[in-house]
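Chemist: So here's query.txt (compact mmCIF, C-alpha atoms).
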```
# COMPACT_ATOMS: atom_id res chain seq x y z
CA MET H 82 61.37 -60.71 -30.70
CA ALA H 83 61.00 -57.16 -31.89
CA ASP H 84 60.72 -56.57 -35.62
CA ILE H 85 64.14 -54.90 -35.66
CA SER H 86 66.61 -56.95 -33.64
CA MET H 87 69.68 -59.09 -33.56
CA THR H 88 69.32 -62.87 -33.76
CA VAL H 89 71.70 -64.94 -31.68
CA VAL H 90 73.11 -67.96 -33.52
CA LEU H 91 73.95 -70.57 -30.93
CA GLY H 92 77.43 -71.88 -30.62
CA ASP H 93 78.22 -73.24 -27.20
CA GLY H 94 75.22 -71.42 -25.68
CA ALA H 95 77.33 -70.22 -22.79
CA THR H 96 76.44 -66.53 -22.85
CA THR H 97 72.87 -66.47 -24.11
CA LEU H 98 70.09 -66.46 -21.54
CA LEU H 99 67.52 -69.13 -22.10
CA TRP H 100 64.38 -67.23 -21.23
CA THR H 101 65.03 -63.65 -22.27
CA ASP H 102 67.36 -63.48 -25.29
CA THR H 103 66.38 -63.48 -28.95
CA TRP H 104 68.09 -66.60 -30.21
CA ALA H 105 65.01 -68.67 -31.04
CA PRO H 106 63.28 -68.32 -34.44
CA VAL H 107 60.02 -67.52 -32.63
CA GLY H 108 61.51 -64.65 -30.63
CA PRO H 109 62.35 -64.32 -26.93
CA PHE H 110 60.44 -66.78 -24.80
CA CYS H 111 59.33 -63.99 -22.47
CA ARG H 112 57.12 -62.78 -25.35
CA PHE H 113 56.48 -66.04 -27.18
CA ALA H 114 55.38 -67.81 -23.98
CA PRO H 115 54.53 -65.09 -21.45
CA ASP H 116 52.49 -67.32 -19.11
CA LEU H 117 55.25 -69.92 -18.96
CA PHE H 118 57.83 -67.20 -18.47
CA ALA H 119 55.86 -65.84 -15.49
CA ALA H 120 55.94 -69.31 -13.91
CA VAL H 121 59.76 -69.61 -14.15
CA SER H 122 61.77 -69.06 -11.00
CA ARG H 123 64.10 -66.10 -10.60
CA THR H 124 67.11 -68.42 -10.71
CA GLY H 125 65.86 -70.06 -13.88
CA LYS H 126 65.60 -66.73 -15.65
CA LYS H 127 69.34 -66.24 -15.15
CA ARG H 128 70.40 -69.52 -16.74
CA SER H 129 72.27 -69.62 -20.01
CA VAL H 130 71.10 -71.82 -22.87
CA LYS H 131 73.86 -74.29 -22.15
CA GLU H 132 72.85 -74.60 -18.51
CA GLY H 133 69.15 -74.82 -19.33
CA LEU H 134 69.52 -77.54 -21.97
CA MET H 135 71.81 -79.69 -19.85
CA SER H 136 69.62 -82.64 -18.82
CA ASN H 137 66.59 -80.45 -19.62
CA ARG H 138 67.23 -78.42 -16.48
CA TRP H 139 64.98 -75.63 -17.81
CA THR H 140 61.93 -77.83 -17.15
CA ARG H 141 62.68 -77.82 -13.42
CA ASP H 142 62.76 -74.03 -13.40
CA VAL H 143 58.99 -73.91 -13.95
CA GLN H 144 57.64 -73.55 -10.43
CA GLY H 145 54.48 -71.46 -10.83
CA ALA H 146 50.90 -72.60 -11.23
CA LEU H 147 50.50 -75.12 -14.07
CA THR H 148 47.52 -73.58 -15.80
CA VAL H 149 46.26 -74.66 -19.21
CA GLN H 150 48.08 -71.74 -20.83
CA VAL H 151 51.34 -72.63 -19.08
CA LEU H 152 51.09 -76.28 -20.12
CA CYS H 153 50.33 -75.40 -23.76
CA GLN H 154 53.26 -73.03 -23.91
CA PHE H 155 55.48 -75.57 -22.17
CA LEU H 156 54.77 -78.13 -24.91
CA ARG H 157 55.50 -75.61 -27.63
CA ILE H 158 58.84 -74.69 -26.03
CA TRP H 159 59.65 -78.38 -25.59
CA ASN H 160 59.15 -79.02 -29.31
CA ILE H 161 61.45 -76.12 -30.17
CA LEU H 162 64.25 -76.94 -27.76
CA ARG H 163 64.46 -80.63 -28.59
CA GLU H 164 65.79 -79.64 -32.04
CA VAL H 165 68.55 -77.41 -30.62
CA VAL H 166 72.11 -78.74 -30.87
CA LEU H 167 74.95 -76.81 -29.22
CA ILE H 168 78.38 -76.73 -30.87
CA ASP H 169 81.03 -76.57 -28.16
CA SER H 170 83.79 -75.48 -30.55
CA GLN H 171 81.96 -72.27 -31.56
CA ALA H 172 80.96 -69.26 -29.53
CA ASP H 173 77.56 -67.61 -29.80
CA ARG H 174 77.42 -64.88 -32.43
CA PHE H 175 74.97 -62.13 -33.29
CA VAL H 176 73.48 -61.86 -36.79
CA TRP H 177 71.73 -58.69 -37.96
CA ARG H 178 68.68 -59.96 -39.82
CA TRP H 179 68.21 -56.81 -41.96
CA SER H 180 71.46 -56.97 -43.94
CA PRO H 181 72.72 -59.66 -46.37
CA ASP H 182 76.01 -60.22 -44.55
CA GLY H 183 74.44 -60.26 -41.07
CA ARG H 184 76.33 -57.14 -39.94
CA TYR H 185 74.61 -54.17 -38.36
CA THR H 186 74.55 -50.86 -40.26
CA ALA H 187 72.61 -47.67 -39.59
CA SER H 188 71.32 -47.61 -43.17
CA SER H 189 69.86 -51.13 -42.92
CA THR H 190 68.16 -50.14 -39.66
CA TYR H 191 66.58 -47.13 -41.34
CA ARG H 192 65.31 -49.28 -44.22
CA ALA H 193 63.92 -51.82 -41.77
CA PHE H 194 61.63 -49.20 -40.25
CA PHE H 195 59.83 -49.01 -43.61
CA ASN H 196 59.62 -52.75 -44.17
CA GLY H 197 56.12 -53.60 -45.38
CA SER H 198 55.09 -49.98 -45.82
CA THR H 199 53.45 -48.66 -48.98
CA SER H 200 54.77 -45.65 -50.89
CA LEU H 201 52.71 -42.54 -51.56
CA PRO H 202 52.41 -41.73 -55.29
CA GLY H 203 54.13 -38.43 -55.96
CA ALA H 204 56.12 -38.35 -52.71
CA LYS H 205 59.47 -38.90 -54.42
CA GLU H 206 58.74 -36.26 -57.06
CA LEU H 207 57.58 -33.77 -54.43
CA TRP H 208 60.78 -34.29 -52.47
CA CYS H 209 62.79 -33.18 -55.52
CA THR H 210 60.56 -30.23 -56.43
CA LYS H 211 62.00 -26.75 -55.92
CA ALA H 212 59.50 -24.74 -53.88
CA PRO H 213 59.24 -23.02 -50.48
CA PRO H 214 59.03 -25.52 -47.61
CA LYS H 215 55.58 -24.36 -46.47
CA VAL H 216 54.23 -24.91 -50.00
CA LYS H 217 55.75 -28.39 -50.22
CA PHE H 218 54.22 -29.25 -46.84
CA PHE H 219 50.85 -27.98 -48.08
CA PHE H 220 51.09 -30.14 -51.20
CA TRP H 221 52.26 -33.13 -49.18
CA THR H 222 49.09 -32.77 -47.12
CA ALA H 223 47.07 -32.53 -50.35
CA LEU H 224 48.61 -35.76 -51.67
CA HIS H 225 47.49 -37.45 -48.45
CA ARG H 226 44.01 -35.86 -48.88
CA ARG H 227 44.42 -34.28 -45.46
CA LEU H 228 43.64 -30.67 -46.35
CA TRP H 229 40.79 -29.27 -44.26
CA THR H 230 38.45 -28.77 -47.16
CA ALA H 231 34.70 -28.28 -46.68
CA GLU H 232 34.11 -31.93 -47.54
CA ARG H 233 36.47 -33.10 -44.80
CA ARG H 234 35.17 -30.60 -42.26
CA LYS H 235 31.60 -31.76 -42.87
CA ARG H 236 32.67 -35.39 -42.57
CA HIS H 237 34.11 -34.58 -39.13
CA GLY H 238 30.97 -32.72 -38.07
CA LEU H 239 32.61 -29.28 -38.07
CA GLN H 240 30.17 -27.66 -40.51
CA ASP H 241 26.80 -28.37 -42.11
CA ASN H 242 27.57 -28.14 -45.83
CA ASP H 243 30.50 -28.95 -48.08
CA ASP H 244 29.91 -26.64 -51.02
CA CYS H 245 33.02 -25.51 -52.89
CA ALA H 246 34.07 -22.02 -51.81
CA LEU H 247 35.09 -21.14 -55.38
CA CYS H 248 32.18 -22.37 -57.49
CA GLY H 249 29.48 -23.56 -55.08
CA GLN H 250 28.56 -26.30 -57.56
CA ALA H 251 30.05 -29.43 -55.97
CA SER H 252 31.51 -30.89 -52.80
CA GLU H 253 34.81 -29.23 -51.92
CA SER H 254 37.20 -32.19 -51.94
CA VAL H 255 40.93 -31.90 -52.57
CA GLU H 256 40.54 -33.15 -56.14
CA HIS H 257 37.65 -30.83 -56.90
CA LEU H 258 39.26 -27.76 -55.38
CA LEU H 259 42.65 -28.14 -57.10
CA LEU H 260 41.63 -29.80 -60.38
CA GLY H 261 37.93 -30.10 -61.09
CA CYS H 262 36.44 -26.74 -60.03
CA VAL H 263 35.42 -24.55 -63.01
CA PHE H 264 37.09 -21.56 -61.33
CA THR H 265 40.32 -23.51 -60.86
CA ARG H 266 40.30 -24.78 -64.45
CA GLU H 267 40.00 -21.22 -65.72
CA VAL H 268 43.11 -20.34 -63.74
CA TRP H 269 44.89 -23.37 -65.18
CA THR H 270 43.87 -22.37 -68.71
CA ILE H 271 44.97 -18.74 -68.42
CA LEU H 272 48.38 -19.69 -67.03
CA LEU H 273 49.07 -22.64 -69.36
CA ASN H 274 47.84 -21.11 -72.62
CA PRO H 275 50.72 -18.62 -72.99
CA VAL H 276 53.34 -21.37 -72.69
CA GLY H 277 51.62 -23.75 -75.12
CA LEU H 278 50.60 -26.31 -72.52
CA ALA H 279 46.82 -25.95 -72.66
CA ALA H 280 46.56 -29.72 -73.19
CA LEU H 281 47.64 -30.20 -69.56
CA VAL H 282 44.61 -28.37 -68.13
CA PRO H 283 42.72 -30.81 -65.84
CA SER H 284 39.37 -32.01 -67.12
CA GLY H 285 37.65 -33.06 -63.90
CA ASP H 286 37.91 -34.32 -60.34
CA GLU H 287 40.77 -36.75 -60.91
CA PRO H 288 42.96 -38.23 -58.13
CA LEU H 289 45.63 -35.60 -57.54
CA PRO H 290 48.77 -37.82 -57.31
CA GLU H 291 47.89 -39.91 -60.36
CA TRP H 292 46.94 -36.85 -62.41
CA TRP H 293 50.15 -35.02 -61.55
CA LEU H 294 52.38 -37.98 -62.41
CA ALA H 295 50.53 -38.57 -65.69
CA GLN H 296 50.74 -34.92 -66.75
CA ARG H 297 54.40 -34.46 -65.89
CA ALA H 298 55.19 -37.53 -67.99
CA LYS H 299 53.89 -35.60 -71.02
CA VAL H 300 56.36 -32.79 -70.43
CA ASP H 301 59.91 -32.86 -71.77
CA LEU H 302 62.35 -34.22 -69.20
CA ARG H 303 64.26 -30.92 -69.02
CA CYS H 304 61.05 -28.97 -68.35
CA ARG H 305 59.64 -31.21 -65.63
CA PRO H 306 61.25 -29.28 -62.72
CA THR H 307 59.56 -26.14 -64.05
CA PHE H 308 56.20 -27.89 -64.41
CA ASP H 309 56.45 -29.37 -60.90
CA CYS H 310 57.24 -25.96 -59.43
CA PHE H 311 54.37 -24.41 -61.40
CA MET H 312 52.00 -27.14 -60.19
CA LEU H 313 52.72 -26.32 -56.55
CA LEU H 314 52.57 -22.57 -57.20
CA LEU H 315 49.13 -22.75 -58.80
CA CYS H 316 47.65 -25.09 -56.19
CA TRP H 317 49.04 -22.88 -53.44
CA GLY H 318 47.39 -19.83 -55.07
CA ILE H 319 44.05 -21.65 -55.31
CA TRP H 320 44.26 -22.72 -51.68
CA LYS H 321 44.97 -19.17 -50.53
CA GLU H 322 42.01 -17.84 -52.54
CA ARG H 323 39.80 -20.52 -51.03
CA ASN H 324 40.91 -19.51 -47.52
CA LYS H 325 40.27 -15.82 -48.19
CA ARG H 326 36.72 -16.62 -49.25
CA THR H 327 36.14 -19.02 -46.36
CA PHE H 328 37.59 -17.01 -43.50
CA ASN H 329 37.74 -13.37 -44.69
CA ALA H 330 34.73 -13.19 -47.06
CA GLN H 331 37.00 -11.73 -49.76
CA ASN H 332 36.33 -12.80 -53.34
CA SER H 333 38.77 -12.32 -56.20
CA THR H 334 38.08 -12.80 -59.90
CA VAL H 335 39.89 -15.38 -61.98
CA ILE H 336 42.10 -12.66 -63.50
CA MET H 337 42.97 -11.29 -60.08
CA VAL H 338 43.95 -14.77 -58.85
CA THR H 339 46.14 -15.44 -61.91
CA GLN H 340 47.83 -12.08 -61.48
CA GLU H 341 48.51 -12.85 -57.81
CA ILE H 342 50.00 -16.22 -58.79
CA ALA H 343 52.19 -14.55 -61.44
CA ALA H 344 53.35 -11.98 -58.87
CA GLU H 345 54.18 -14.70 -56.36
CA ALA H 346 56.15 -16.52 -59.07
CA GLU H 347 58.38 -13.44 -59.31
CA ASP H 348 58.89 -13.58 -55.55
CA TRP H 349 59.86 -17.24 -55.82
CA VAL H 350 62.45 -16.39 -58.45
CA GLN H 351 63.90 -13.71 -56.18
CA ALA H 352 64.01 -16.28 -53.36
CA GLY H 353 66.14 -18.62 -55.47
CA PHE H 354 63.57 -20.93 -57.07
CA SER H 355 64.81 -20.07 -60.53
CA CYS H 356 63.16 -22.92 -62.43
CA ILE H 357 59.86 -20.99 -62.49
CA SER H 358 61.63 -18.08 -64.22
CA LEU H 359 61.08 -19.83 -67.57
CA LEU H 360 57.36 -19.04 -67.29
CA THR H 361 57.23 -15.58 -65.70
CA PRO H 362 58.07 -13.65 -68.92
CA PHE H 363 55.06 -15.22 -70.69
CA TRP H 364 52.73 -14.41 -67.83
CA SER H 365 53.87 -10.80 -67.49
CA ARG H 366 53.07 -10.18 -71.19
CA GLU H 367 49.78 -12.07 -71.35
CA LEU H 368 48.18 -11.15 -68.04
CA VAL H 369 48.68 -7.43 -68.46
CA THR H 370 46.45 -7.49 -71.55
CA GLU H 371 43.61 -9.35 -69.81
```
What is this structure when it is put down as structure tokens?

Modeler:
Amino acid sequence: MADISMTVVLGDGATTLLWTDTWAPVGPFCRFAPDLFAAVSRTGKKRSVKEGLMSNRWTRDVQGALTVQVLCQFLRIWNILREVVLIDSQADRFVWRWSPDGRYTASSTYRAFFNGSTSLPGAKELWCTKAPPKVKFFFWTALHRRLWTAERRKRHGLQDNDDCALCGQASESVEHLLLGCVFTREVWTILLNPVGLAALVPSGDEPLPEWWLAQRAKVDLRCRPTFDCFMLLLCWGIWKERNKRTFNAQNSTVIMVTQEIAAEAEDWVQAGFSCISLLTPFWSRELVTE
């Protein structure tokens, strides 16, 4: 039986096929006992449960070679079917296993697709963050540690070294590039100092999702949308500077990068991401004097 399926609760067994339907707790017999199923005659595969259980007629439908696998599966099916009792006064009914009341709904099907999956830290917060779609996709990739940093490119044999493009002092991982690099931390400091949030400047190569969630918890609830937007804006600016150095051999100073980030923040405000507008006045005053 597939992971997402209907289960047939037997009533009179008149409409449910013995060998192919999903009424048994182990799943359809064509998957649970594939060798035995292959040995069943074409007529036998068309029988209903009621017809198959009558005088154990299903046993006479096995006409193929009785290999060891077929015999083992036959005994397993025998043990299952001997416990089955048909109720003539009730018809077969379908029960949707992924909802409490047994009824099918689209929402329960959607939830079933994620049954057993693990959640990504920060994914829910990123979904609610106000930022351009391409920036959110970039940060989603960063949360998964899937950015093509020098460390990852070296690991895949695409280049010989993994030195950080910004500082050249350590391996260029996602955590180092966006949090731990001395160049990046200077950018963080210059942009957070004017708004009184210097305590949130990263101190090293910490796991990005855990660091972000811990830092945003220190911010007032009303200011968290602004901090989240700022977080993506700064990381996006660092990533663009890294790419300019890697692919175009163009180096910018820390002040130039912070000014570019402040200018892009103004563009974001004009595009409708107004939550970042709480910070742009501070940056326009402070960065001009640098």

Chemist: From the list H:Ala172, H:Ile319, H:Ala204, H:Ala223, which residue is nearest Arg266 of chain H when using all atoms listed in the file?

Modeler: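 Smallest distance to Arg266 of chain H is found for H:Ile319.
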
Chemist: Identify, on the basis of only C-alpha atoms, every residue whose closest approach to Gly353 of chain H does not exceed 12 Å; exclude the query and any residue fewer than 4 positions from it along the same chain; express the result as a VMD selection string.

Modeler: chain H and resid 211 to 213 346 to 349 357 to 358

Chemist: Applying 12 Å and all atoms listed in the file, which residues near Arg303 of chain H remain after dropping the ones on its own chain fewer than 6 positions away? List them as a list in words.

Modeler: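 Selected residues are Arg297, Asp309, Cys356 and Leu359 of chain H.
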
Chemist: Using Å and a single decimal, report how far atom CA of Ile336 of chain H sits from atom CA of Glu322 of chain H.

Modeler: 12.1 Å

Chemist: For a quick check of understanding, using all atoms listed in the file, which of H:Cys316, H:Leu360, H:Cys262, H:Leu239 has the smallest distance to Leu278 of chain H?

Modeler: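 Answer, going by the shortest atom-to-atom distance: H:Leu360.
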
Chemist: What does the structure give for the distance between atom CA of Leu224 of chain H and atom CA of Asp244 of chain H, in Å to one decimal?

Modeler: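 Computed distance, atom CA of Leu224 of chain H to atom CA of Asp244 of chain H, equals 20.8 Å.
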
Chemist: If we count only C-alpha atoms, what is near Thr265 of chain H at a cut-off of 12 Å, once residues fewer than 2 positions away on the same chain are taken out, given as a PDB file with C-alpha atoms, keeping the file's coordinate frame?

Modeler:
```
ATOM      1  CA  CYS H 245      33.020 -25.510 -52.890  1.00  0.00           C
ATOM      2  CA  ALA H 246      34.070 -22.020 -51.810  1.00  0.00           C
ATOM      3  CA  LEU H 247      35.090 -21.140 -55.380  1.00  0.00           C
ATOM      4  CA  CYS H 248      32.180 -22.370 -57.490  1.00  0.00           C
ATOM      5  CA  GLU H 253      34.810 -29.230 -51.920  1.00  0.00           C
ATOM      6  CA  VAL H 255      40.930 -31.900 -52.570  1.00  0.00           C
ATOM      7  CA  GLU H 256      40.540 -33.150 -56.140  1.00  0.00           C
ATOM      8  CA  HIS H 257      37.650 -30.830 -56.900  1.00  0.00           C
ATOM      9  CA  LEU H 258      39.260 -27.760 -55.380  1.00  0.00           C
ATOM     10  CA  LEU H 259      42.650 -28.140 -57.100  1.00  0.00           C
ATOM     11  CA  LEU H 260      41.630 -29.800 -60.380  1.00  0.00           C
ATOM     12  CA  GLY H 261      37.930 -30.100 -61.090  1.00  0.00           C
ATOM     13  CA  CYS H 262      36.440 -26.740 -60.030  1.00  0.00           C
ATOM     14  CA  VAL H 263      35.420 -24.550 -63.010  1.00  0.00           C
ATOM     15  CA  GLU H 267      40.000 -21.220 -65.720  1.00  0.00           C
ATOM     16  CA  VAL H 268      43.110 -20.340 -63.740  1.00  0.00           C
ATOM     17  CA  TRP H 269      44.890 -23.370 -65.180  1.00  0.00           C
ATOM     18  CA  THR H 270      43.870 -22.370 -68.710  1.00  0.00           C
ATOM     19  CA  ILE H 271      44.970 -18.740 -68.420  1.00  0.00           C
ATOM     20  CA  LEU H 272      48.380 -19.690 -67.030  1.00  0.00           C
ATOM     21  CA  VAL H 282      44.610 -28.370 -68.130  1.00  0.00           C
ATOM     22  CA  PRO H 283      42.720 -30.810 -65.840  1.00  0.00           C
ATOM     23  CA  SER H 284      39.370 -32.010 -67.120  1.00  0.00           C
ATOM     24  CA  GLY H 285      37.650 -33.060 -63.900  1.00  0.00           C
ATOM     25  CA  ASP H 286      37.910 -34.320 -60.340  1.00  0.00           C
ATOM     26  CA  LEU H 315      49.130 -22.750 -58.800  1.00  0.00           C
ATOM     27  CA  CYS H 316      47.650 -25.090 -56.190  1.00  0.00           C
ATOM     28  CA  TRP H 317      49.040 -22.880 -53.440  1.00  0.00           C
ATOM     29  CA  GLY H 318      47.390 -19.830 -55.070  1.00  0.00           C
ATOM     30  CA  ILE H 319      44.050 -21.650 -55.310  1.00  0.00           C
ATOM     31  CA  TRP H 320      44.260 -22.720 -51.680  1.00  0.00           C
ATOM     32  CA  GLU H 322      42.010 -17.840 -52.540  1.00  0.00           C
ATOM     33  CA  ARG H 323      39.800 -20.520 -51.030  1.00  0.00           C
ATOM     34  CA  THR H 334      38.080 -12.800 -59.900  1.00  0.00           C
ATOM     35  CA  VAL H 335      39.890 -15.380 -61.980  1.00  0.00           C
ATOM     36  CA  ILE H 336      42.100 -12.660 -63.500  1.00  0.00           C
ATOM     37  CA  VAL H 338      43.950 -14.770 -58.850  1.00  0.00           C
ATOM     38  CA  THR H 339      46.140 -15.440 -61.910  1.00  0.00           C
TER      39      THR H 339
END
```

Chemist: Between atom CA of Ala280 of chain H and atom CA of Leu228 of chain H, what is the distance in Å, rounded to a tenth?

Modeler: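 Calculated distance between atom CA of Ala280 of chain H and atom CA of Leu228 of chain H is 27.0 Å.
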
Chemist: Can you work out which one of H:Leu134, H:Ala114, H:Gln171, H:Tyr185 has the shortest atom-to-atom distance to Ile158 of chain H, counting only C-alpha atoms?

Modeler: H:Ala114

Chemist: Counting only C-alpha atoms, write as a PyMOL selection string all protein and nucleic acid residues lying at most 12 Å from (53.2, -73.2, -17.1) in the file's frame.

Modeler: chain H and resi 114-122+140-159

Chemist: Around (68.5, -77.5, -20.2) in the file's own coordinates, what residues are found within 12 Å if you use only C-alpha atoms, given back as a PyMOL selection string?

Modeler: chain H and resi 94-95+98-100+125+128-143+158-159+162-163+165-167

Chemist: Please return segment 304-326 of chain H, rebuilt to N, CA and C atoms, as a compact mmCIF listing (two decimals), keeping the file's coordinate frame.

Modeler:
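This is the output file rebuild.txt:
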```txt
# COMPACT_ATOMS: atom_id res chain seq x y z
N CYS H 304 62.03 -29.95 -68.81
CA CYS H 304 61.05 -28.97 -68.35
C CYS H 304 60.24 -29.45 -67.16
N ARG H 305 60.44 -30.69 -66.73
CA ARG H 305 59.64 -31.21 -65.63
C ARG H 305 59.87 -30.45 -64.31
N PRO H 306 61.11 -30.07 -63.95
CA PRO H 306 61.25 -29.28 -62.72
C PRO H 306 60.44 -27.99 -62.74
N THR H 307 60.35 -27.36 -63.93
CA THR H 307 59.56 -26.14 -64.05
C THR H 307 58.07 -26.45 -63.89
N PHE H 308 57.61 -27.53 -64.52
CA PHE H 308 56.20 -27.89 -64.41
C PHE H 308 55.84 -28.25 -62.97
N ASP H 309 56.71 -28.99 -62.28
CA ASP H 309 56.45 -29.37 -60.90
C ASP H 309 56.34 -28.14 -60.01
N CYS H 310 57.26 -27.20 -60.21
CA CYS H 310 57.24 -25.96 -59.43
C CYS H 310 55.97 -25.17 -59.73
N PHE H 311 55.60 -25.11 -61.01
CA PHE H 311 54.37 -24.41 -61.40
C PHE H 311 53.15 -25.07 -60.78
N MET H 312 53.13 -26.39 -60.76
CA MET H 312 52.00 -27.14 -60.19
C MET H 312 51.78 -26.73 -58.73
N LEU H 313 52.84 -26.69 -57.95
CA LEU H 313 52.72 -26.32 -56.55
C LEU H 313 52.32 -24.86 -56.40
N LEU H 314 52.88 -24.00 -57.26
CA LEU H 314 52.57 -22.57 -57.20
C LEU H 314 51.09 -22.32 -57.45
N LEU H 315 50.53 -22.96 -58.47
CA LEU H 315 49.13 -22.75 -58.80
C LEU H 315 48.21 -23.30 -57.71
N CYS H 316 48.49 -24.51 -57.24
CA CYS H 316 47.65 -25.09 -56.19
C CYS H 316 47.71 -24.27 -54.91
N TRP H 317 48.88 -23.74 -54.62
CA TRP H 317 49.04 -22.88 -53.44
C TRP H 317 48.20 -21.61 -53.60
N GLY H 318 48.20 -21.02 -54.82
CA GLY H 318 47.39 -19.83 -55.07
C GLY H 318 45.90 -20.10 -54.94
N ILE H 319 45.46 -21.27 -55.44
CA ILE H 319 44.05 -21.65 -55.31
C ILE H 319 43.67 -21.84 -53.86
N TRP H 320 44.53 -22.47 -53.10
CA TRP H 320 44.26 -22.72 -51.68
C TRP H 320 44.16 -21.41 -50.90
N LYS H 321 45.03 -20.46 -51.22
CA LYS H 321 44.97 -19.17 -50.53
C LYS H 321 43.68 -18.43 -50.88
N GLU H 322 43.27 -18.48 -52.15
CA GLU H 322 42.01 -17.84 -52.54
C GLU H 322 40.83 -18.50 -51.83
N ARG H 323 40.87 -19.81 -51.74
CA ARG H 323 39.80 -20.52 -51.03
C ARG H 323 39.74 -20.08 -49.58
N ASN H 324 40.89 -19.92 -48.91
CA ASN H 324 40.91 -19.51 -47.52
C ASN H 324 40.43 -18.08 -47.33
N LYS H 325 40.75 -17.20 -48.28
CA LYS H 325 40.27 -15.82 -48.19
C LYS H 325 38.75 -15.77 -48.26
N ARG H 326 38.18 -16.59 -49.13
CA ARG H 326 36.72 -16.62 -49.25
C ARG H 326 36.07 -17.26 -48.03
```
